[in-house]
Protein chains: 2
Amino acid sequence: MNSTLRLIPLGGLGEVGKNMLLFEHGRDILIVDAGIMFPEHNMWGIDVVIPDFGYLRERAGDVRAIVITHGHEDHIGALPYLLRDVVALDTPIYATRLACGLIEARLAETPNRGRANLRRIAPGEGFRAGPFEAEFLAITHSIPDGVGLCITTDLGRIIHTGDFKFDYTPVRGGGPGFTRLGQLGAQGVLALLSDSTGAERAGYTPSEQVIAPALDAIFREAPGRVIVATFASLLSRVQQVFNAAQAHGRVVALAGYSMLKTVEIGRNLGHLDAPKGLLVDLGEAQRLPRERVALVTTGSQGQPEAALARMADGTHRQIEIVPGDTIVLSSTPIPGNEEDVARVINRLFARGANVIYPPLASVHVSGHASQEEQKLMLALTRPRFFVPIHGELRHLHAHARLARQLGVAQENIFLLENGQVLELTAEGGRVVERLPSGTVFVDGAGVGDVGPVVMHEREVLAHDGFVIAVVPVSLATGEVSGKPELVSRGFVYLPESGDLLERAAERAWQAVRSLGSKKQPAIIERTQDALRRFFYEETRRKPMVVAIVTLV
Amino acid sequence: MNSTLRLIPLGGLGEVGKNMLLFEHGRDILIVDAGIMFPEHNMWGIDVVIPDFGYLRERAGDVRAIVITHGHEDHIGALPYLLRDVVALDTPIYATRLACGLIEARLAETPNRGRANLRRIAPGEGFRAGPFEAEFLAITHSIPDGVGLCITTDLGRIIHTGDFKFDYTPVRGGGPGFTRLGQLGAQGVLALLSDSTGAERAGYTPSEQVIAPALDAIFREAPGRVIVATFASLLSRVQQVFNAAQAHGRVVALAGYSMLKTVEIGRNLGHLDAPKGLLVDLGEAQRLPRERVALVTTGSQGQPEAALARMADGTHRQIEIVPGDTIVLSSTPIPGNEEDVARVINRLFARGANVIYPPLASVHVSGHASQEEQKLMLALTRPRFFVPIHGELRHLHAHARLARQLGVAQENIFLLENGQVLELTAEGGRVVERLPSGTVFVDGAGVGDVGPVVMHEREVLAHDGFVIAVVPVSLATGEVSGKPELVSRGFVYLPESGDLLERAAERAWQAVRSLGSKKQPAIIERTQDALRRFFYEETRRKPMVVAIVTLV
């Protein structure tokens with residue numbers, strides 16, 4: 001048997017194989033997930049980040065199928081770009097029911113050439129694509145209908161957990177397929193690719209069920225409105241709010257575009273039960289006594305444009321926070337969002353609301369496995385090779401440590417970075433090459449046009465603003481004919497800085513007059529140098545300085 | 001008895017009374033702490049933030065003394081500004097020995113008119129300043145020599161905890177003054193002002209001593225260098241690294257300016273023991289076998305300019321991280337720094353180092369009290385009034401909840417925001433007014449010149465850059481004589497956008513030609529409008545657009 005299988009994680013800001021992972025066998029490619037990333041603080045003005053599809057573009061004809069593990073944006077959000085620019089629109093996309101619903105909604109938002117080839121299958125079912133035979137494995141996660149994958153080729157079985165936790169008592173649905181995982185483990189698993197997100201967390205992630213009593217107590221004691229902020233995709237949580245509201249005689253209204261959209265999709269697909277009369281619109285909720293009302297809203301990550309932040313800022317058009325309101329943040333901050341979340345919490349308190357958030361109450365649990373669940377996944381599947389994925393390098397290292405504790409040999413554990421190619425054969429595995437990979441910035445309508453140069457300019461502008469100097473040069477003599485006109489923004493407060501700019505213009509003029517050259521590049525450079533030096537001396541700031549010549 | 005006492009927290013980005021708190025009795029003012037804040041992510045280009053001294057400036061003649069609870073930057077860092085611009089340079093400043101050493105170093109960095117009036121006193125000692133009698137109370141914190149305060153006036157005793165935890169077994173020093181606190185409680189305490197930072201954390205903050213066995217295990221097992229990153233001011237931690245290094249036959253070298261400076265001050269003042277030969281300089285450490293070397297470095301918060309980040313990036317001039325290095329992050333991220341810390345950890349792993357950080361090992365404990373310690377402080381001091389301080393509003397609310405659990409009546413608990421004035425009399429307490437307060441941005445040499453206007457400009461520039469249009473207007477006719485010249489930065493990648501700017505200039509020219517006005521403001525406005533619209537249509541971006549007229 002001479003075949004080889006190549007595993008290639010792509011994209012990701014530090015998180016390995018999260019947003020896209022390729023299986024390559026011979027020339028055939030199977031794509032797992034196509035998600036977006038959210039920009040970090042130093043990615044100035046970037047809206048979203050997608051994987052670099054450079055490698056896939058060359059190999060587009062070899063893509064046999066796309067398979068989606070679940071409907072979160074970091075797993076489906078890049079599909080519009082992938083289908084528009086890279087692979088054929090009729091490439092089969094395999095996903096579960098809810099993921100298909102969310103993908104359809106996502107694709108409907110973007111102009112496309114036609115209809116994508118979506119193929120809905122359920123956990124336990126499978127498909128064949130070229131040399132790949134795939135089966136959907138039931139797991140639990142913070143969105144319903146997530147799956148793991150068992151991908152079989154002539155080399156053997158590979159299990160890809162997707163994002164998972166082991167929830168014995170999920171709010172809806174049948175829970176993880178423990179027996180199927182054990183059966184596959186008994187039959188032999190070549191490699192396990194397993195979610196590492198929670199690898200720094202000891203113990204077991206609690207079941208979603210622990211939320212119910214906490215919500216029940218809150219709904220019982222709240223003197224006025226209850227406003228619950230959570231992820232729109234966390235439909236089981238939304239269901240729990242519906243249940244608590246119903247039990248305590250409250251109606252529920254929804255706030256935030258993505259909450260409205262996802263709840264609609266969830267209801268249509270049978271993932272949410274709302275008895276008749278429970279859901280009302282915001283306007284109606286406003287007319288009812290506050291103690292009869294619950295709201296479910298977006299913005300639990302402190303996003304400044306989301307409904308909750310607007311309520312906290314007092315800029316929401318319909319909802320004004322008043323003393324007596326009880327606000328529940330049913331989430332924990334995703335790393336990087338801590339500051340925004342804290343700001344929203346403090347502002348809600350300042351408006352007199354009572355704010356309840358973890359760890360002060362059990363109003364959130366993670367959707368990812370902790371260490372004991374990661375061990376259970378390893379113990380059930382007993383893989384020959386172990387590839388921790390879905391996490392930053394720190395998480396992969398922590399996950400690898402667990403695998404070693406369970407007896408997986410160091411040489412059978414592969415820590416990949418995005419773009420690295422792991423080649424598996426019957427003999428063993430090794431990292432054979434690194435593809436040019438990385439991420440592409442989406443800024444407004446531009447995909448990939450903004451790179452390091454523009455980022456650097458924005459960083460300079462963000463810190464110290466700019467000064468433009470328009471230098472008058474005589475058309476007749478070629479000499480500088482006067483002081484430059486200076487225009488500045490983001491540098492100093494202009495109403496109080498007229499004198500500074502005046503003196504700067506004077507200094508620049510002195511500098512070019514002593515130059516003795518009529519060459520425009522020399523005039524520009526001398527002006528810029530003089531201004532930069534002057535501004536640093538006077539203000540210890542380094543604005544961007546650009547001089548341009550105008551012929552007069 | 002008709003006297004009143006006013007408590008006024010000032011400054012603070014959300015944290016109440018952390019950086020400065022005023023005690024006012026009659027006309028006399030006692031200032032507690034004068035610290036800086038570190039800018040949040042949306043404070044573009046700001047170096048540090050200080051409290052707004054507006055109120056104090058008017059009342060400068062009434063300031064009797066400044067008292068400093070401990071030597072952290074957020075408690076002493078604004079002293080240079082306060083002494084330079086606001087209060088008399090000879091105002092007495094009371095502080096403990098280490099705090100005095102750090103204040104002297106801080107003041108020496110800034111040009112000053114003369115020598116500050118520093119008065120060194122020890123825990124258990126006190127001073128009198130106008131109507132205030134103050135006593136330093138021994139507490140424990142993440143810097144040695146921190147104190148709480150007992151401030152007595154004719155109204156009674158007020159206890160201000162400072163930043164504290166109850167460490168029964170500190171690495172050095174005698175620990176908190178439990179009996180003195182109990183004695184004061186028995187004698188009667190009017191009000192307790194207590195550190196709320198840890199109010200969301202259940203249980204007890206572990207003793208600093210728990211670090212020793214963790215470091216011991218790391219030093220025993222590390223195959224190469226051990227590099228420990230921590231706060232420069234956390235001298236007990238530095239001492240523990242010295243101890244572990246000595247026990248395992250390693251020398252210690254220091255990296256990072258603030259680490260060198262603080263260790264020098266700490267050694268001079270007897271807060272650090274380093275046996276002869278233990279400390280070597282970085283150059284010497286480089287020449288020794290790696291398994292004989294330990295480094296202590298700054299940068300545990302992921303600060304991009306600090307030594308650890310430069311090691312992680314491969315840009316440190318002396319230290320190159322190699323496989324076999326063991327790096328210990330002996331700290332946890334301060335909220336807002338999570339992303340930077342994660343980046344540094346991942347990059348160190350990518351260089352082949354082993355990285356150890358909480359919670360994977362017990363290499364850090366907080367310097368702030370958890371809930372059980374906060375309860376103990378309340379139980380020992382039995383105050384009539386309770387004022388939670390040193391925390392964001394969310395922490396104050398959590399702390400107030402604890403006080404209610406311990407039987408403090410709701411009406412005797414005061415949650416202040418910065419600038420609010422709490423007036424205490426023999427009869428009771430109430431919030432009587434709100435002073436214009438807030439924070440002042442320091443940007444380069446400028447103190448307070450950068451405000452909301454410049455911040456907004458920087459935000460726009462950070463997101464989408466700018467386009468300047470230089471519009472030629474005929475000196476003779478007053479008419480626009482040609483297409484504007486466009487200059488742009490941070491907007492689009494210019495080498496690939498020539499055509500876009502070309503078309504934009506054309507569009508702008510069309511727009512002003514159809515204007516039929518020779519008024520410059522109209523020309524400018526029309527040009528800007530046309531360009532903004534064009535760029536949004538084409539790119540979905542909103543760069544700052546500024547048009548200027550040049551007469552030709």
# chains A, B, ... in the order shown; residues from 1 in each chain; ligands from 1
call {"tool": "residues_around", "arguments": {"residues": "range 412-421 of chain B", "least_positions_apart": "3", "cutoff": "6 Å", "atoms": "only C-alpha atoms", "output": "PyMOL selection string"}}
result
chain B and resi 7-10+16+385-387+409+431-435+437
call {"tool": "interface_residues", "arguments": {"of": "chain B", "to": "chain A", "cutoff": "6 Å", "atoms": "only C-alpha atoms", "output": "ChimeraX atom specification"}}
result
/B:44-45,336,339,346,393-394,444-445,454,457-458,461-463,465,490,539-541,552
call {"tool": "residues_around", "arguments": {"residues": "Val49 in chain A", "least_positions_apart": "6", "cutoff": "7 Å", "atoms": "only C-alpha atoms", "output": "PyMOL selection string"}}
result
chain A and resi 36-39+439-442
call {"tool": "closest_atom_pairs", "arguments": {"of": "range 185-215 of chain A", "to": "range 158-174 of chain A", "cutoff": "10 Å", "atoms": "only C-alpha atoms", "output": "Markdown table"}}
result
| residue | atom | partner | partner_atom | distance |
| --- | --- | --- | --- | --- |
| A:Gly185 | CA | A:Ile159 | CA | 9.6 |
| A:Gly188 | CA | A:Ile158 | CA | 9.4 |
| A:Val189 | CA | A:Ile158 | CA | 6.0 |
| A:Leu190 | CA | A:Ile158 | CA | 5.7 |
| A:Ala191 | CA | A:Ile158 | CA | 4.9 |
| A:Leu192 | CA | A:Ile159 | CA | 4.9 |
| A:Leu193 | CA | A:His160 | CA | 4.6 |
| A:Ser194 | CA | A:Thr161 | CA | 5.1 |
| A:Asp195 | CA | A:Asp163 | CA | 5.6 |
| A:Ser196 | CA | A:Asp163 | CA | 8.7 |
| A:Thr197 | CA | A:Asp163 | CA | 8.4 |
| A:Gly198 | CA | A:Lys165 | CA | 9.3 |
| A:Tyr204 | CA | A:Phe166 | CA | 8.5 |
| A:Thr205 | CA | A:Lys165 | CA | 7.2 |
| A:Pro206 | CA | A:Asp167 | CA | 7.4 |
| A:Ser207 | CA | A:Asp167 | CA | 5.2 |
| A:Glu208 | CA | A:Pro170 | CA | 5.9 |
| A:Gln209 | CA | A:Val171 | CA | 6.1 |
| A:Val210 | CA | A:Thr169 | CA | 9.6 |
| A:Ile211 | CA | A:Val171 | CA | 9.7 |
| A:Ala212 | CA | A:Val171 | CA | 9.3 |
call {"tool": "write_last_selection", "arguments": {"atoms": "N, CA and C atoms", "output": "CSV table (one decimal), in the first residue's frame"}}
result
chain,number,residue,atom,x,y,z
A,185,GLY,N,-13.1,3.1,17.7
A,185,GLY,CA,-11.9,2.9,18.4
A,185,GLY,C,-11.5,1.4,18.4
A,188,GLY,N,-10.2,0.4,15.0
A,188,GLY,CA,-8.9,0.9,14.7
A,188,GLY,C,-9.0,2.3,14.1
A,189,VAL,N,-8.4,3.3,14.7
A,189,VAL,CA,-8.4,4.6,14.2
A,189,VAL,C,-6.9,5.0,13.9
A,190,LEU,N,-6.7,5.5,12.6
A,190,LEU,CA,-5.3,5.8,12.3
A,190,LEU,C,-4.9,7.1,13.0
A,191,ALA,N,-5.8,8.1,12.9
A,191,ALA,CA,-5.4,9.4,13.6
A,191,ALA,C,-6.7,10.1,14.1
A,192,LEU,N,-6.4,10.8,15.3
A,192,LEU,CA,-7.5,11.6,15.9
A,192,LEU,C,-7.1,13.0,15.8
A,193,LEU,N,-8.0,13.9,15.2
A,193,LEU,CA,-7.8,15.3,15.2
A,193,LEU,C,-8.8,15.9,16.2
A,194,SER,N,-8.3,16.5,17.3
A,194,SER,CA,-9.3,16.7,18.3
A,194,SER,C,-9.2,18.2,18.8
A,195,ASP,N,-10.3,18.7,19.1
A,195,ASP,CA,-10.6,20.1,19.6
A,195,ASP,C,-9.7,20.4,20.8
A,196,SER,N,-8.8,21.4,20.7
A,196,SER,CA,-7.9,21.7,21.8
A,196,SER,C,-8.3,23.0,22.6
A,197,THR,N,-9.4,23.6,22.2
A,197,THR,CA,-9.7,24.9,22.8
A,197,THR,C,-9.7,24.9,24.4
A,198,GLY,N,-10.2,23.9,25.0
A,198,GLY,CA,-10.3,23.8,26.4
A,198,GLY,C,-9.1,23.1,27.1
A,204,TYR,N,-14.1,18.7,33.9
A,204,TYR,CA,-15.2,18.4,33.0
A,204,TYR,C,-15.9,19.7,32.7
A,205,THR,N,-16.3,20.0,31.5
A,205,THR,CA,-17.2,21.1,31.2
A,205,THR,C,-18.6,20.8,31.7
A,206,PRO,N,-19.3,21.6,32.5
A,206,PRO,CA,-20.6,21.2,32.9
A,206,PRO,C,-21.6,21.1,31.8
A,207,SER,N,-22.6,20.4,32.0
A,207,SER,CA,-23.7,20.3,31.0
A,207,SER,C,-24.5,21.6,30.9
A,208,GLU,N,-25.0,21.8,29.7
A,208,GLU,CA,-25.9,22.9,29.5
A,208,GLU,C,-27.1,23.0,30.5
A,209,GLN,N,-27.4,21.8,31.0
A,209,GLN,CA,-28.5,21.7,32.0
A,209,GLN,C,-28.3,22.6,33.2
A,210,VAL,N,-27.1,22.8,33.6
A,210,VAL,CA,-26.8,23.6,34.8
A,210,VAL,C,-27.4,25.0,34.7
A,211,ILE,N,-27.6,25.5,33.5
A,211,ILE,CA,-28.1,26.8,33.3
A,211,ILE,C,-29.5,27.0,33.8
A,212,ALA,N,-30.3,25.9,33.7
A,212,ALA,CA,-31.8,26.0,33.9
A,212,ALA,C,-32.1,26.5,35.4
call {"tool": "residues_around", "arguments": {"residues": "range 118-126 of chain B", "least_positions_apart": "3", "cutoff": "10 Å", "atoms": "only C-alpha atoms", "output": "count of residues only"}}
result
34
call {"tool": "decode", "arguments": {"residues": "range 379-392 of chain B", "atoms": "all heavy atoms", "output": "PDB file, in the first residue's frame"}}
result
ATOM      1  N   ALA B 379     -15.309  41.942  59.006  1.00  0.00           N
ATOM      2  CA  ALA B 379     -15.594  41.386  60.331  1.00  0.00           C
ATOM      3  C   ALA B 379     -14.640  41.937  61.383  1.00  0.00           C
ATOM      4  O   ALA B 379     -15.023  42.149  62.537  1.00  0.00           O
ATOM      5  CB  ALA B 379     -15.511  39.860  60.272  1.00  0.00           C
ATOM      6  N   LEU B 380     -13.380  42.168  60.986  1.00  0.00           N
ATOM      7  CA  LEU B 380     -12.409  42.713  61.947  1.00  0.00           C
ATOM      8  C   LEU B 380     -12.701  44.179  62.263  1.00  0.00           C
ATOM      9  O   LEU B 380     -12.541  44.623  63.394  1.00  0.00           O
ATOM     10  CB  LEU B 380     -10.975  42.604  61.393  1.00  0.00           C
ATOM     11  CG  LEU B 380     -10.291  41.236  61.470  1.00  0.00           C
ATOM     12  CD1 LEU B 380      -9.002  41.247  60.660  1.00  0.00           C
ATOM     13  CD2 LEU B 380      -9.997  40.859  62.929  1.00  0.00           C
ATOM     14  N   THR B 381     -13.102  44.924  61.279  1.00  0.00           N
ATOM     15  CA  THR B 381     -13.195  46.375  61.478  1.00  0.00           C
ATOM     16  C   THR B 381     -14.606  46.825  61.854  1.00  0.00           C
ATOM     17  O   THR B 381     -14.786  47.923  62.364  1.00  0.00           O
ATOM     18  CB  THR B 381     -12.758  47.119  60.197  1.00  0.00           C
ATOM     19  OG1 THR B 381     -13.556  46.661  59.099  1.00  0.00           O
ATOM     20  CG2 THR B 381     -11.303  46.847  59.880  1.00  0.00           C
ATOM     21  N   ARG B 382     -15.608  46.025  61.598  1.00  0.00           N
ATOM     22  CA  ARG B 382     -17.007  46.307  61.965  1.00  0.00           C
ATOM     23  C   ARG B 382     -17.400  47.776  61.742  1.00  0.00           C
ATOM     24  O   ARG B 382     -17.783  48.490  62.688  1.00  0.00           O
ATOM     25  CB  ARG B 382     -17.229  45.927  63.433  1.00  0.00           C
ATOM     26  CG  ARG B 382     -17.128  44.427  63.641  1.00  0.00           C
ATOM     27  CD  ARG B 382     -17.709  44.042  64.964  1.00  0.00           C
ATOM     28  NE  ARG B 382     -17.188  44.880  66.050  1.00  0.00           N
ATOM     29  CZ  ARG B 382     -17.337  44.625  67.345  1.00  0.00           C
ATOM     30  NH1 ARG B 382     -18.016  43.553  67.709  1.00  0.00           N
ATOM     31  NH2 ARG B 382     -16.843  45.422  68.252  1.00  0.00           N
ATOM     32  N   PRO B 383     -17.307  48.235  60.509  1.00  0.00           N
ATOM     33  CA  PRO B 383     -17.556  49.662  60.260  1.00  0.00           C
ATOM     34  C   PRO B 383     -19.045  49.998  60.307  1.00  0.00           C
ATOM     35  O   PRO B 383     -19.887  49.135  60.048  1.00  0.00           O
ATOM     36  CB  PRO B 383     -17.029  49.847  58.845  1.00  0.00           C
ATOM     37  CG  PRO B 383     -17.293  48.525  58.195  1.00  0.00           C
ATOM     38  CD  PRO B 383     -17.028  47.501  59.258  1.00  0.00           C
ATOM     39  N   ARG B 384     -19.333  51.252  60.624  1.00  0.00           N
ATOM     40  CA  ARG B 384     -20.716  51.709  60.529  1.00  0.00           C
ATOM     41  C   ARG B 384     -21.085  51.910  59.063  1.00  0.00           C
ATOM     42  O   ARG B 384     -22.152  51.511  58.620  1.00  0.00           O
ATOM     43  CB  ARG B 384     -20.859  53.016  61.310  1.00  0.00           C
ATOM     44  CG  ARG B 384     -22.269  53.549  61.276  1.00  0.00           C
ATOM     45  CD  ARG B 384     -22.524  54.609  62.317  1.00  0.00           C
ATOM     46  NE  ARG B 384     -23.692  55.375  61.947  1.00  0.00           N
ATOM     47  CZ  ARG B 384     -23.879  56.648  62.232  1.00  0.00           C
ATOM     48  NH1 ARG B 384     -22.970  57.311  62.934  1.00  0.00           N
ATOM     49  NH2 ARG B 384     -24.975  57.268  61.846  1.00  0.00           N
ATOM     50  N   PHE B 385     -20.186  52.552  58.316  1.00  0.00           N
ATOM     51  CA  PHE B 385     -20.419  52.760  56.883  1.00  0.00           C
ATOM     52  C   PHE B 385     -19.416  51.954  56.076  1.00  0.00           C
ATOM     53  O   PHE B 385     -18.274  51.797  56.483  1.00  0.00           O
ATOM     54  CB  PHE B 385     -20.268  54.248  56.526  1.00  0.00           C
ATOM     55  CG  PHE B 385     -21.200  55.136  57.279  1.00  0.00           C
ATOM     56  CD1 PHE B 385     -20.710  56.086  58.164  1.00  0.00           C
ATOM     57  CD2 PHE B 385     -22.577  55.015  57.131  1.00  0.00           C
ATOM     58  CE1 PHE B 385     -21.574  56.914  58.870  1.00  0.00           C
ATOM     59  CE2 PHE B 385     -23.449  55.832  57.833  1.00  0.00           C
ATOM     60  CZ  PHE B 385     -22.952  56.784  58.701  1.00  0.00           C
ATOM     61  N   PHE B 386     -19.866  51.483  54.931  1.00  0.00           N
ATOM     62  CA  PHE B 386     -18.972  50.711  54.068  1.00  0.00           C
ATOM     63  C   PHE B 386     -18.928  51.346  52.686  1.00  0.00           C
ATOM     64  O   PHE B 386     -19.971  51.609  52.079  1.00  0.00           O
ATOM     65  CB  PHE B 386     -19.446  49.262  53.970  1.00  0.00           C
ATOM     66  CG  PHE B 386     -18.609  48.434  53.044  1.00  0.00           C
ATOM     67  CD1 PHE B 386     -17.241  48.276  53.278  1.00  0.00           C
ATOM     68  CD2 PHE B 386     -19.156  47.819  51.926  1.00  0.00           C
ATOM     69  CE1 PHE B 386     -16.451  47.519  52.424  1.00  0.00           C
ATOM     70  CE2 PHE B 386     -18.376  47.061  51.073  1.00  0.00           C
ATOM     71  CZ  PHE B 386     -17.019  46.915  51.320  1.00  0.00           C
ATOM     72  N   VAL B 387     -17.710  51.595  52.225  1.00  0.00           N
ATOM     73  CA  VAL B 387     -17.507  52.195  50.907  1.00  0.00           C
ATOM     74  C   VAL B 387     -16.545  51.302  50.120  1.00  0.00           C
ATOM     75  O   VAL B 387     -15.328  51.385  50.290  1.00  0.00           O
ATOM     76  CB  VAL B 387     -16.914  53.624  51.010  1.00  0.00           C
ATOM     77  CG1 VAL B 387     -16.874  54.278  49.626  1.00  0.00           C
ATOM     78  CG2 VAL B 387     -17.700  54.469  51.992  1.00  0.00           C
ATOM     79  N   PRO B 388     -17.076  50.425  49.273  1.00  0.00           N
ATOM     80  CA  PRO B 388     -16.160  49.620  48.458  1.00  0.00           C
ATOM     81  C   PRO B 388     -15.432  50.516  47.464  1.00  0.00           C
ATOM     82  O   PRO B 388     -16.061  51.371  46.827  1.00  0.00           O
ATOM     83  CB  PRO B 388     -17.092  48.634  47.743  1.00  0.00           C
ATOM     84  CG  PRO B 388     -18.448  49.268  47.768  1.00  0.00           C
ATOM     85  CD  PRO B 388     -18.489  50.136  48.989  1.00  0.00           C
ATOM     86  N   ILE B 389     -14.124  50.380  47.369  1.00  0.00           N
ATOM     87  CA  ILE B 389     -13.333  51.190  46.428  1.00  0.00           C
ATOM     88  C   ILE B 389     -12.410  50.266  45.642  1.00  0.00           C
ATOM     89  O   ILE B 389     -12.475  49.050  45.774  1.00  0.00           O
ATOM     90  CB  ILE B 389     -12.493  52.271  47.154  1.00  0.00           C
ATOM     91  CG1 ILE B 389     -11.599  51.614  48.214  1.00  0.00           C
ATOM     92  CG2 ILE B 389     -13.397  53.324  47.794  1.00  0.00           C
ATOM     93  CD1 ILE B 389     -10.539  52.547  48.785  1.00  0.00           C
ATOM     94  N   HIS B 390     -11.550  50.845  44.830  1.00  0.00           N
ATOM     95  CA  HIS B 390     -10.531  50.095  44.073  1.00  0.00           C
ATOM     96  C   HIS B 390     -11.151  48.956  43.279  1.00  0.00           C
ATOM     97  O   HIS B 390     -10.918  47.780  43.564  1.00  0.00           O
ATOM     98  CB  HIS B 390      -9.472  49.520  45.014  1.00  0.00           C
ATOM     99  CG  HIS B 390      -8.573  50.555  45.587  1.00  0.00           C
ATOM    100  ND1 HIS B 390      -7.352  50.258  46.120  1.00  0.00           N
ATOM    101  CD2 HIS B 390      -8.712  51.891  45.703  1.00  0.00           C
ATOM    102  CE1 HIS B 390      -6.789  51.370  46.565  1.00  0.00           C
ATOM    103  NE2 HIS B 390      -7.593  52.365  46.314  1.00  0.00           N
ATOM    104  N   GLY B 391     -11.906  49.317  42.298  1.00  0.00           N
ATOM    105  CA  GLY B 391     -12.481  48.309  41.425  1.00  0.00           C
ATOM    106  C   GLY B 391     -13.407  49.032  40.482  1.00  0.00           C
ATOM    107  O   GLY B 391     -13.744  50.208  40.692  1.00  0.00           O
ATOM    108  N   GLU B 392     -13.808  48.339  39.423  1.00  0.00           N
ATOM    109  CA  GLU B 392     -14.832  48.893  38.549  1.00  0.00           C
ATOM    110  C   GLU B 392     -16.171  48.783  39.266  1.00  0.00           C
ATOM    111  O   GLU B 392     -16.301  48.061  40.248  1.00  0.00           O
ATOM    112  CB  GLU B 392     -14.876  48.119  37.236  1.00  0.00           C
ATOM    113  CG  GLU B 392     -13.538  48.102  36.511  1.00  0.00           C
ATOM    114  CD  GLU B 392     -13.483  47.035  35.437  1.00  0.00           C
ATOM    115  OE1 GLU B 392     -14.550  46.598  34.965  1.00  0.00           O
ATOM    116  OE2 GLU B 392     -12.373  46.625  35.068  1.00  0.00           O
TER     117      GLU B 392
END
